[in-house]
$ cat final_37.cif   # mmCIF, C-alpha atoms
data_work
#
loop_
_atom_site.label_atom_id
_atom_site.label_comp_id
_atom_site.auth_asym_id
_atom_site.auth_seq_id
_atom_site.Cartn_x
_atom_site.Cartn_y
_atom_site.Cartn_z
CA MET T 7 -10.41 13.40 76.31
CA ILE T 8 -10.83 12.15 72.75
CA GLU T 9 -11.94 15.66 71.72
CA GLU T 10 -8.83 17.22 73.25
CA VAL T 11 -6.46 14.68 71.72
CA ARG T 12 -8.23 15.10 68.39
CA ASN T 13 -7.72 18.87 68.66
CA LEU T 14 -4.03 18.43 69.48
CA VAL T 15 -3.60 16.14 66.48
CA ALA T 16 -5.44 18.58 64.22
CA GLU T 17 -3.51 21.63 65.49
CA THR T 18 -0.12 19.95 65.26
CA LEU T 19 -0.72 18.65 61.77
CA GLY T 20 -2.64 21.66 60.48
CA LEU T 21 -5.63 19.55 59.48
CA GLY T 22 -8.20 22.34 59.63
CA ALA T 23 -11.67 21.20 58.63
CA ARG T 24 -10.47 17.61 58.16
CA MET T 25 -10.34 17.38 61.96
CA GLN T 26 -14.14 17.18 62.11
CA SER T 27 -14.15 13.77 60.45
CA LEU T 28 -11.75 12.12 62.92
CA THR T 29 -13.31 9.51 65.21
CA ARG T 30 -11.93 6.96 67.66
CA ASP T 31 -11.46 4.46 64.87
CA SER T 32 -9.85 6.89 62.43
CA ALA T 33 -6.44 5.67 61.29
CA LEU T 34 -3.60 8.10 61.99
CA LEU T 35 -0.14 6.73 61.14
CA GLY T 36 -0.04 5.72 57.51
CA ALA T 37 -3.39 7.31 56.73
CA ILE T 38 -2.62 10.99 57.31
CA PRO T 39 0.18 12.13 54.99
CA GLU T 40 1.21 14.97 57.33
CA LEU T 41 1.91 12.47 60.09
CA ASP T 42 5.48 11.51 59.28
CA SER T 43 8.01 10.52 61.95
CA MET T 44 8.92 14.16 62.64
CA ALA T 45 5.28 15.14 63.06
CA VAL T 46 4.82 12.21 65.47
CA ILE T 47 7.49 13.75 67.72
CA SER T 48 5.88 17.18 67.48
CA LEU T 49 2.63 15.55 68.56
CA VAL T 50 4.36 13.67 71.40
CA ASN T 51 5.97 16.92 72.59
CA ALA T 52 2.60 18.69 72.52
CA ILE T 53 0.93 15.88 74.49
CA GLU T 54 3.75 15.83 77.05
CA ALA T 55 3.54 19.60 77.51
CA ARG T 56 -0.24 19.70 77.79
CA TYR T 57 -0.74 16.71 80.09
CA GLY T 58 2.52 16.67 82.02
CA VAL T 59 3.36 13.11 80.98
CA VAL T 60 6.56 11.62 79.58
CA PHE T 61 6.67 9.16 76.70
CA ASP T 62 9.06 6.21 76.76
CA ASP T 63 10.86 5.11 73.60
CA ASP T 64 8.64 1.99 73.53
CA GLU T 65 5.58 4.15 73.25
CA LEU T 66 6.92 5.72 70.06
CA SER T 67 5.49 2.81 68.14
CA ALA T 68 3.18 2.20 65.23
CA ASP T 69 0.62 0.72 67.68
CA SER T 70 0.41 3.91 69.76
CA PHE T 71 -0.35 6.04 66.72
CA ALA T 72 -2.41 3.56 64.73
CA THR T 73 -5.75 5.24 65.47
CA LEU T 74 -7.04 8.26 67.36
CA GLY T 75 -8.56 5.82 69.88
CA ALA T 76 -5.21 4.06 70.45
CA LEU T 77 -3.46 7.38 71.07
CA THR T 78 -6.19 8.65 73.39
CA ASP T 79 -6.13 5.38 75.37
CA LEU T 80 -2.37 5.70 75.76
CA VAL T 81 -2.66 9.27 77.07
CA GLU T 82 -5.43 8.22 79.50
CA ARG T 83 -3.33 5.28 80.77
CA LYS T 84 -0.37 7.61 81.34
CA LEU T 85 -2.53 10.12 83.20
CA ALA T 86 -3.96 7.41 85.41
CA SER T 87 -0.56 5.99 86.40
CA MET R 11 1.09 54.89 67.67
CA LEU R 12 3.35 52.58 65.71
CA LEU R 13 6.71 53.89 64.61
CA GLY R 14 8.14 53.27 61.17
CA TYR R 15 11.28 51.15 61.10
CA GLU R 16 13.67 49.46 58.72
CA MET R 17 15.09 45.95 58.56
CA ILE R 18 18.84 45.96 58.09
CA PRO R 19 20.96 42.91 57.28
CA ARG R 20 24.21 42.94 59.23
CA LYS R 21 27.36 40.97 59.88
CA LEU R 22 28.86 40.64 63.34
CA ALA R 23 32.24 39.21 64.29
CA GLY R 24 31.38 36.11 66.32
CA SER R 25 33.39 33.83 68.55
CA ARG R 26 34.38 31.44 65.75
CA GLY R 27 33.35 33.21 62.58
CA GLU R 28 31.17 35.83 60.99
CA LEU R 29 27.56 35.97 62.10
CA ALA R 30 24.63 36.81 59.88
CA ALA R 31 22.17 39.10 61.65
CA ILE R 32 19.08 41.18 61.06
CA GLU R 33 18.38 44.41 62.89
CA TRP R 34 15.02 46.14 63.11
CA ARG R 35 15.64 49.83 63.74
CA ALA R 36 12.96 52.49 64.27
CA HIS R 37 13.19 55.60 62.10
CA ARG R 38 12.75 57.91 65.01
CA THR R 39 14.22 57.31 68.41
CA LEU R 40 12.16 57.87 71.51
CA SER R 41 13.33 60.32 74.12
CA GLY R 42 15.96 58.74 76.31
CA ALA R 43 17.99 55.69 75.37
CA THR R 44 16.54 53.18 72.94
CA PRO R 45 15.63 49.89 74.61
CA GLY R 46 17.22 46.94 72.84
CA VAL R 47 15.95 43.42 72.18
CA LEU R 48 17.98 40.31 71.49
CA LEU R 49 16.06 37.36 70.06
CA ILE R 50 17.42 33.86 70.75
CA GLN R 51 16.32 31.14 68.37
CA PRO R 52 15.49 27.57 69.36
CA PHE R 53 17.34 24.44 68.31
CA ALA R 54 17.78 22.99 64.82
CA GLU R 55 14.52 22.48 62.94
CA GLU R 56 12.55 24.44 65.54
CA ALA R 57 14.45 27.57 64.52
CA ASN R 58 13.08 27.33 60.99
CA LYS R 59 9.55 26.89 62.27
CA CYS R 60 9.83 29.86 64.69
CA ARG R 61 11.22 32.32 62.19
CA ARG R 62 7.90 33.87 61.30
CA MET R 63 6.80 34.37 64.91
CA LEU R 64 10.14 35.92 65.79
CA ALA R 65 9.94 38.27 62.82
CA SER R 66 6.39 39.27 63.86
CA GLN R 67 7.54 39.94 67.41
CA ALA R 68 10.53 41.91 66.12
CA ARG R 69 8.19 44.12 64.09
CA ALA R 70 5.95 44.63 67.11
CA PHE R 71 8.92 45.67 69.25
CA ALA R 72 10.28 47.94 66.50
CA GLY R 73 6.86 49.52 66.18
CA VAL R 74 7.13 50.72 69.78
CA GLY R 75 10.63 52.09 69.30
CA MET R 76 12.85 49.19 70.37
CA ARG R 77 15.95 48.14 68.44
CA VAL R 78 15.83 44.43 67.74
CA LEU R 79 18.64 42.07 66.79
CA LEU R 80 18.31 38.49 65.56
CA ILE R 81 21.45 36.47 64.86
CA ASP R 82 22.23 33.03 63.51
CA PRO R 83 24.83 31.74 65.96
CA PHE R 84 27.88 29.82 64.74
CA GLY R 85 27.08 26.83 62.58
CA THR R 86 23.45 27.78 62.01
CA GLY R 87 21.48 29.68 59.41
CA ASP R 88 23.54 32.01 57.25
CA SER R 89 26.45 32.32 59.66
CA ASP R 90 29.90 30.79 59.28
CA GLY R 91 30.53 27.23 60.34
CA ASP R 92 28.89 23.84 60.08
CA PHE R 93 26.32 22.62 62.58
CA ALA R 94 28.65 19.69 63.31
CA ASP R 95 31.18 22.17 64.72
CA ALA R 96 28.68 24.17 66.76
CA THR R 97 28.97 24.20 70.54
CA TRP R 98 26.80 25.61 73.29
CA ALA R 99 29.77 27.71 74.44
CA ALA R 100 30.19 29.24 70.95
CA TRP R 101 26.48 30.01 70.88
CA THR R 102 26.48 31.74 74.26
CA ASP R 103 29.56 33.74 73.23
CA ASP R 104 27.84 34.79 70.00
CA TYR R 105 24.70 35.90 71.80
CA VAL R 106 26.76 37.86 74.34
CA THR R 107 28.53 39.52 71.39
CA ALA R 108 25.18 40.44 69.89
CA ALA R 109 23.92 41.85 73.20
CA ARG R 110 27.06 43.97 73.57
CA ASP R 111 26.55 45.23 70.03
CA LEU R 112 23.13 46.54 71.07
CA VAL R 113 24.66 48.20 74.12
CA ALA R 114 27.41 49.77 72.00
CA SER R 115 24.76 51.19 69.66
CA GLY R 116 23.18 53.05 72.58
CA CYS R 117 20.77 50.64 74.27
CA SER R 118 21.12 51.02 78.03
CA GLU R 119 18.45 48.41 78.81
CA LEU R 120 18.07 45.09 77.07
CA LEU R 121 15.30 42.59 76.81
CA VAL R 122 16.34 39.08 75.79
CA LEU R 123 13.65 36.81 74.36
CA GLY R 124 14.47 33.09 74.15
CA VAL R 125 12.26 30.50 72.48
CA ARG R 126 12.47 26.92 73.76
CA ILE R 127 16.17 26.11 74.29
CA GLY R 128 16.81 29.81 73.63
CA ALA R 129 15.46 30.46 77.12
CA LEU R 130 18.32 28.46 78.62
CA LEU R 131 20.83 30.33 76.44
CA SER R 132 19.37 33.69 77.53
CA GLN R 133 20.65 33.11 81.05
CA ALA R 134 24.30 33.29 79.95
CA VAL R 135 23.59 36.60 78.24
CA ALA R 136 21.91 37.97 81.37
CA ARG R 137 24.92 36.90 83.46
CA ALA R 138 27.49 38.45 81.13
CA VAL R 139 25.72 41.67 80.13
CA PRO R 140 24.57 43.87 83.05
CA GLN R 141 22.23 45.91 80.81
CA VAL R 142 19.89 42.92 80.51
CA SER R 143 16.91 43.80 82.69
CA GLN R 144 14.10 41.77 81.12
CA LEU R 145 13.93 38.16 80.00
CA VAL R 146 11.09 36.63 78.05
CA TRP R 147 10.87 32.86 77.78
CA TRP R 148 8.55 31.44 75.15
CA ALA R 149 7.74 27.76 75.80
CA PRO R 150 11.07 27.21 77.53
CA THR R 151 12.53 23.72 77.65
CA VAL R 152 13.24 23.55 81.37
CA SER R 153 16.31 21.39 80.90
CA GLY R 154 18.79 20.86 78.11
CA SER R 155 18.53 17.16 78.86
CA ASN R 156 14.80 17.25 77.98
CA ALA R 157 15.64 19.16 74.81
CA LEU R 158 18.27 16.61 73.81
CA THR R 159 15.89 13.72 74.48
CA GLN R 160 13.15 15.34 72.37
CA PHE R 161 15.65 15.91 69.58
CA LEU R 162 17.12 12.37 69.70
CA ARG R 163 13.57 11.01 69.60
CA LEU R 164 13.26 12.36 66.06
CA ARG R 165 15.72 9.67 65.04
CA VAL R 166 14.08 7.07 67.29
CA ALA R 167 10.72 7.74 65.61
CA GLN R 168 12.34 7.59 62.20
CA SER R 169 13.81 4.17 63.02
CA ALA R 170 10.50 2.94 64.47
CA PHE R 171 8.27 4.05 61.62
CA ASP R 172 10.38 4.21 58.52
CA GLY R 173 11.87 0.73 58.80
CA GLY R 174 15.50 -0.07 59.41
CA ALA R 175 17.25 -0.93 62.66
CA LYS R 176 15.45 0.28 65.79
CA VAL R 177 17.42 2.67 67.95
CA SER R 178 16.70 4.13 71.39
CA THR R 179 17.46 7.51 72.96
CA SER R 180 19.79 5.67 75.37
CA ASP R 181 21.66 4.14 72.43
CA LEU R 182 22.12 7.57 70.89
CA ARG R 183 23.20 9.15 74.17
CA ARG R 184 25.76 6.35 74.61
CA GLU R 185 27.10 7.11 71.12
CA LEU R 186 27.58 10.75 72.09
CA GLN R 187 29.13 9.89 75.44
CA SER R 188 31.64 7.58 73.77
CA GLY R 189 32.85 10.42 71.59
CA ARG R 190 30.89 9.82 68.39
CA SER R 191 28.68 12.34 66.62
CA VAL R 192 25.06 11.44 66.06
CA GLU R 193 23.04 12.38 63.01
CA VAL R 194 19.41 13.36 63.57
CA VAL R 195 17.17 14.46 60.70
CA GLY R 196 20.12 15.86 58.82
CA TYR R 197 21.74 17.61 61.80
CA GLU R 198 25.04 16.26 63.11
CA ILE R 199 25.22 16.62 66.89
CA SER R 200 28.79 16.57 68.14
CA PRO R 201 29.64 14.88 71.46
CA ALA R 202 30.56 18.33 72.80
CA LEU R 203 27.21 19.86 71.93
CA GLY R 204 25.39 16.81 73.28
CA ALA R 205 27.22 16.99 76.60
CA GLU R 206 26.67 20.73 76.95
CA LEU R 207 22.99 20.37 76.12
CA ASP R 208 22.60 17.62 78.69
CA ARG R 209 24.03 19.95 81.35
CA ALA R 210 22.00 23.05 80.49
CA ALA R 211 19.37 23.94 83.06
CA ILE R 212 17.42 26.79 84.62
CA ASP R 213 19.69 28.57 87.06
CA THR R 214 17.61 29.26 90.13
CA GLN R 215 20.62 30.79 91.92
CA VAL R 216 20.23 33.56 89.38
CA SER R 217 23.72 34.88 89.02
CA TRP R 218 22.43 37.73 86.85
CA ARG R 219 21.34 41.10 88.06
CA GLY R 220 17.83 39.89 88.70
CA GLY R 221 15.18 41.77 86.82
CA GLN R 222 11.92 40.79 85.27
CA LEU R 223 11.01 37.51 83.63
CA LEU R 224 7.96 36.76 81.51
CA TRP R 225 7.41 33.00 81.17
CA VAL R 226 4.88 32.05 78.51
CA ASP R 227 3.50 28.60 77.74
CA LEU R 228 0.44 27.16 76.06
CA PRO R 229 -2.49 26.26 78.31
CA LEU R 230 -2.18 23.07 80.36
CA HIS R 231 -4.72 20.36 80.95
CA SER R 232 -6.65 20.96 84.17
CA THR R 233 -5.01 18.01 85.92
CA SER R 234 -1.46 18.95 84.95
CA VAL R 235 0.93 20.37 87.49
CA ASP R 236 2.55 23.44 86.00
CA PRO R 237 6.17 22.47 85.26
CA ALA R 238 7.18 26.10 85.82
CA LEU R 239 6.12 26.04 89.49
CA ARG R 240 9.23 24.39 90.86
CA PHE R 241 11.36 27.09 89.31
CA ILE R 242 9.24 30.16 89.95
CA GLU R 243 9.53 30.23 93.74
CA PRO R 244 13.34 29.92 93.77
CA LEU R 245 13.58 32.52 91.00
CA ARG R 246 11.41 34.92 93.00
CA ALA R 247 13.39 34.22 96.15
CA ALA R 248 16.52 35.13 94.19
CA GLY R 249 15.03 38.50 93.30
CA VAL R 250 13.51 37.92 89.86
CA GLN R 251 10.02 39.33 89.29
CA VAL R 252 8.39 36.44 87.50
CA ASP R 253 5.20 36.83 85.49
CA ARG R 254 3.96 33.39 84.47
CA VAL R 255 1.19 33.17 81.87
CA ASN R 256 -0.45 30.42 79.83
CA LEU R 257 -1.76 31.88 76.59
CA PRO R 258 -3.61 30.14 73.75
CA GLY R 259 -1.89 29.73 70.43
CA GLU R 260 -0.36 27.17 68.13
CA ALA R 261 2.78 25.28 69.18
CA PHE R 262 4.60 27.19 66.45
CA TRP R 263 8.00 25.58 67.21
CA GLY R 264 6.59 22.17 66.28
CA THR R 265 3.56 22.42 64.01
CA VAL R 266 3.85 20.83 60.60
CA GLU R 267 2.63 24.02 58.89
CA ILE R 268 4.15 27.32 60.05
CA GLY R 269 2.06 28.22 63.11
CA SER R 270 1.40 31.37 65.02
CA ALA R 271 0.38 32.58 68.46
CA PRO R 272 -0.64 36.23 68.04
CA HIS R 273 -1.69 36.53 71.69
CA TRP R 274 1.89 35.76 72.68
CA ILE R 275 3.09 38.74 70.66
CA THR R 276 0.55 41.27 71.95
CA HIS R 277 1.09 40.13 75.53
CA THR R 278 4.89 40.16 75.29
CA THR R 279 4.98 43.60 73.69
CA ALA R 280 2.62 45.08 76.28
CA TRP R 281 4.48 43.36 79.14
CA SER R 282 7.85 44.74 78.06
CA ARG R 283 6.45 48.26 78.12
CA ARG R 284 4.71 47.86 81.49
CA ALA R 285 7.74 46.20 82.99
CA ARG R 286 10.08 48.98 81.79
CA VAL R 287 7.83 51.69 83.18
CA ALA R 288 7.50 49.91 86.50
CA ALA R 289 11.21 49.18 86.92
#
$ encode --input "final_37.cif" --output "structure tokens"
Amino acid sequence: MIEEVRNLVAETLGLGARMQSLTRDSALLGAIPELDSMAVISLVNAIEARYGVVFDDDELSADSFATLGALTDLVERKLAS
Amino acid sequence: MLLGYEMIPRKLAGSRGELAAIEWRAHRTLSGATPGVLLIQPFAEEANKCRRMLASQARAFAGVGMRVLLIDPFGTGDSDGDFADATWAAWTDDYVTAARDLVASGCSELLVLGVRIGALLSQAVARAVPQVSQLVWWAPTVSGSNALTQFLRLRVAQSAFDGGAKVSTSDLRRELQSGRSVEVVGYEISPALGAELDRAAIDTQVSWRGGQLLWVDLPLHSTSVDPALRFIEPLRAAGVQVDRVNLPGEAFWGTVEIGSAPHWITHTTAWSRRARVAA
């Protein structure tokens, strides 16, 4: 799952080779310049389309996008519910 | 064998003002009537991101002898009007005008390709213009309400991450419903456009002549239920031949850098030819 989410992040943001260095603990929001608020929504849309989940407004938060691990955990929780 | 073609800038008389358009026209016509293509752009910022893919598809269609038209509907791109004055009704009228222009120029069969919200708009063109026999939907938003929510969330994210007062999609919808325009990443959405978007949906009654539909999306996760499924059966029951495919590519309507999905172009071009021959 973390691989897939990492790929989605990399594809949406156009990270290319930089994707390889992303781990669970890698900071996303605030650390990746391409990840502005508009890119967050592009990423949310891509996750919703791929996994068939729907994000609530509350989930559009700094916590959800703090690290790759945080985002992956959120997607997993939504898939499980 | 690819045909040579030219790209011609044009002006059309739209519902509320002049429309900027581009036509791709093959140098030689094929025997029989030239098939026409109308391209329908997605919403707001997505339109900018999709431009390159649409131009690539236009070239691919022109290369096999089709006449392709791309317009900026009222209030968008290089056409007359401000986005704040744009309405769904004006947009559908403008696209119908463009389709009729293709018919008037000699196209007896039309393919309409809609990207994202453009797929929903394509239905009005199919209803109004009997020559439309093929629809292609690229990553369709299955409801205008979903599209509006995704668009309003751009402002929600901005408020959440960039500081300032937090706002919710419900707050913004309430603003629209109480008659106030809402500004989202530089686009002013009027209450009229918001209401029309919220109502837009896939018409499974299919009040168009019923022809062929190619529905393309990116691949889904193995556990995901295909969101197209609940529409495909009713569409088929109403007489539409639906081809549903999931093809790899970049989500070019949303990637930060301009993205592409070349498989979508080769598949769409080949499909349109096969579908025309089979019809």
$ resolve_selection --input "final_37.cif" --expression "the PyMOL selection byres ((chain T and resi 7) around 12)" --output "PyMOL selection string"
(chain T and resi 8-14+30+53+57+74-75+77-83+85) or (chain R and resi 231-233)
$ closest_residue --input "final_37.cif" --among "T:Val60, T:Met25, T:Ala33, T:Ala68" --to "chain R" --atoms "only C-alpha atoms"
T:Ala68
$ interface_residues --input "final_37.cif" --of "chain T" --to "chain R" --cutoff "7 Å" --atoms "all atoms listed in the file" --output "CSV table (one decimal) with C-alpha atoms, in the frame of the given file"
chain,number,residue,atom,x,y,z
T,17,GLU,CA,-3.5,21.6,65.5
T,18,THR,CA,-0.1,20.0,65.3
T,19,LEU,CA,-0.7,18.6,61.8
T,20,GLY,CA,-2.6,21.7,60.5
T,43,SER,CA,8.0,10.5,62.0
T,44,MET,CA,8.9,14.2,62.6
T,45,ALA,CA,5.3,15.1,63.1
T,47,ILE,CA,7.5,13.8,67.7
T,48,SER,CA,5.9,17.2,67.5
T,56,ARG,CA,-0.2,19.7,77.8
T,57,TYR,CA,-0.7,16.7,80.1
T,58,GLY,CA,2.5,16.7,82.0
T,63,ASP,CA,10.9,5.1,73.6
T,66,LEU,CA,6.9,5.7,70.1
T,67,SER,CA,5.5,2.8,68.1
T,68,ALA,CA,3.2,2.2,65.2
$ closest_residue --input "final_37.cif" --among "R:Met17, R:Arg284, R:Gly128, R:Thr86" --to "Ala65 of chain R" --atoms "all atoms listed in the file"
R:Met17
$ resolve_selection --input "final_37.cif" --expression "the PyMOL selection byres ((chain R and resi 204) around 12)" --output "PyMOL selection string"
chain R and resi 94-99+154-159+161-162+182-194+198-203+205-210
$ residues_around --input "final_37.cif" --residues "Ile81 of chain R" --least-positions-apart "4" --cutoff "7 Å" --atoms "all atoms listed in the file" --output "mmCIF file with C-alpha atoms, in the frame of the given file"
data_model
loop_
_atom_site.group_PDB
_atom_site.id
_atom_site.type_symbol
_atom_site.label_atom_id
_atom_site.label_comp_id
_atom_site.auth_asym_id
_atom_site.auth_seq_id
_atom_site.Cartn_x
_atom_site.Cartn_y
_atom_site.Cartn_z
ATOM 1 C CA LEU R 29 27.560 35.970 62.100
ATOM 2 C CA ALA R 30 24.630 36.810 59.880
ATOM 3 C CA ALA R 31 22.170 39.100 61.650
ATOM 4 C CA ILE R 32 19.080 41.180 61.060
#
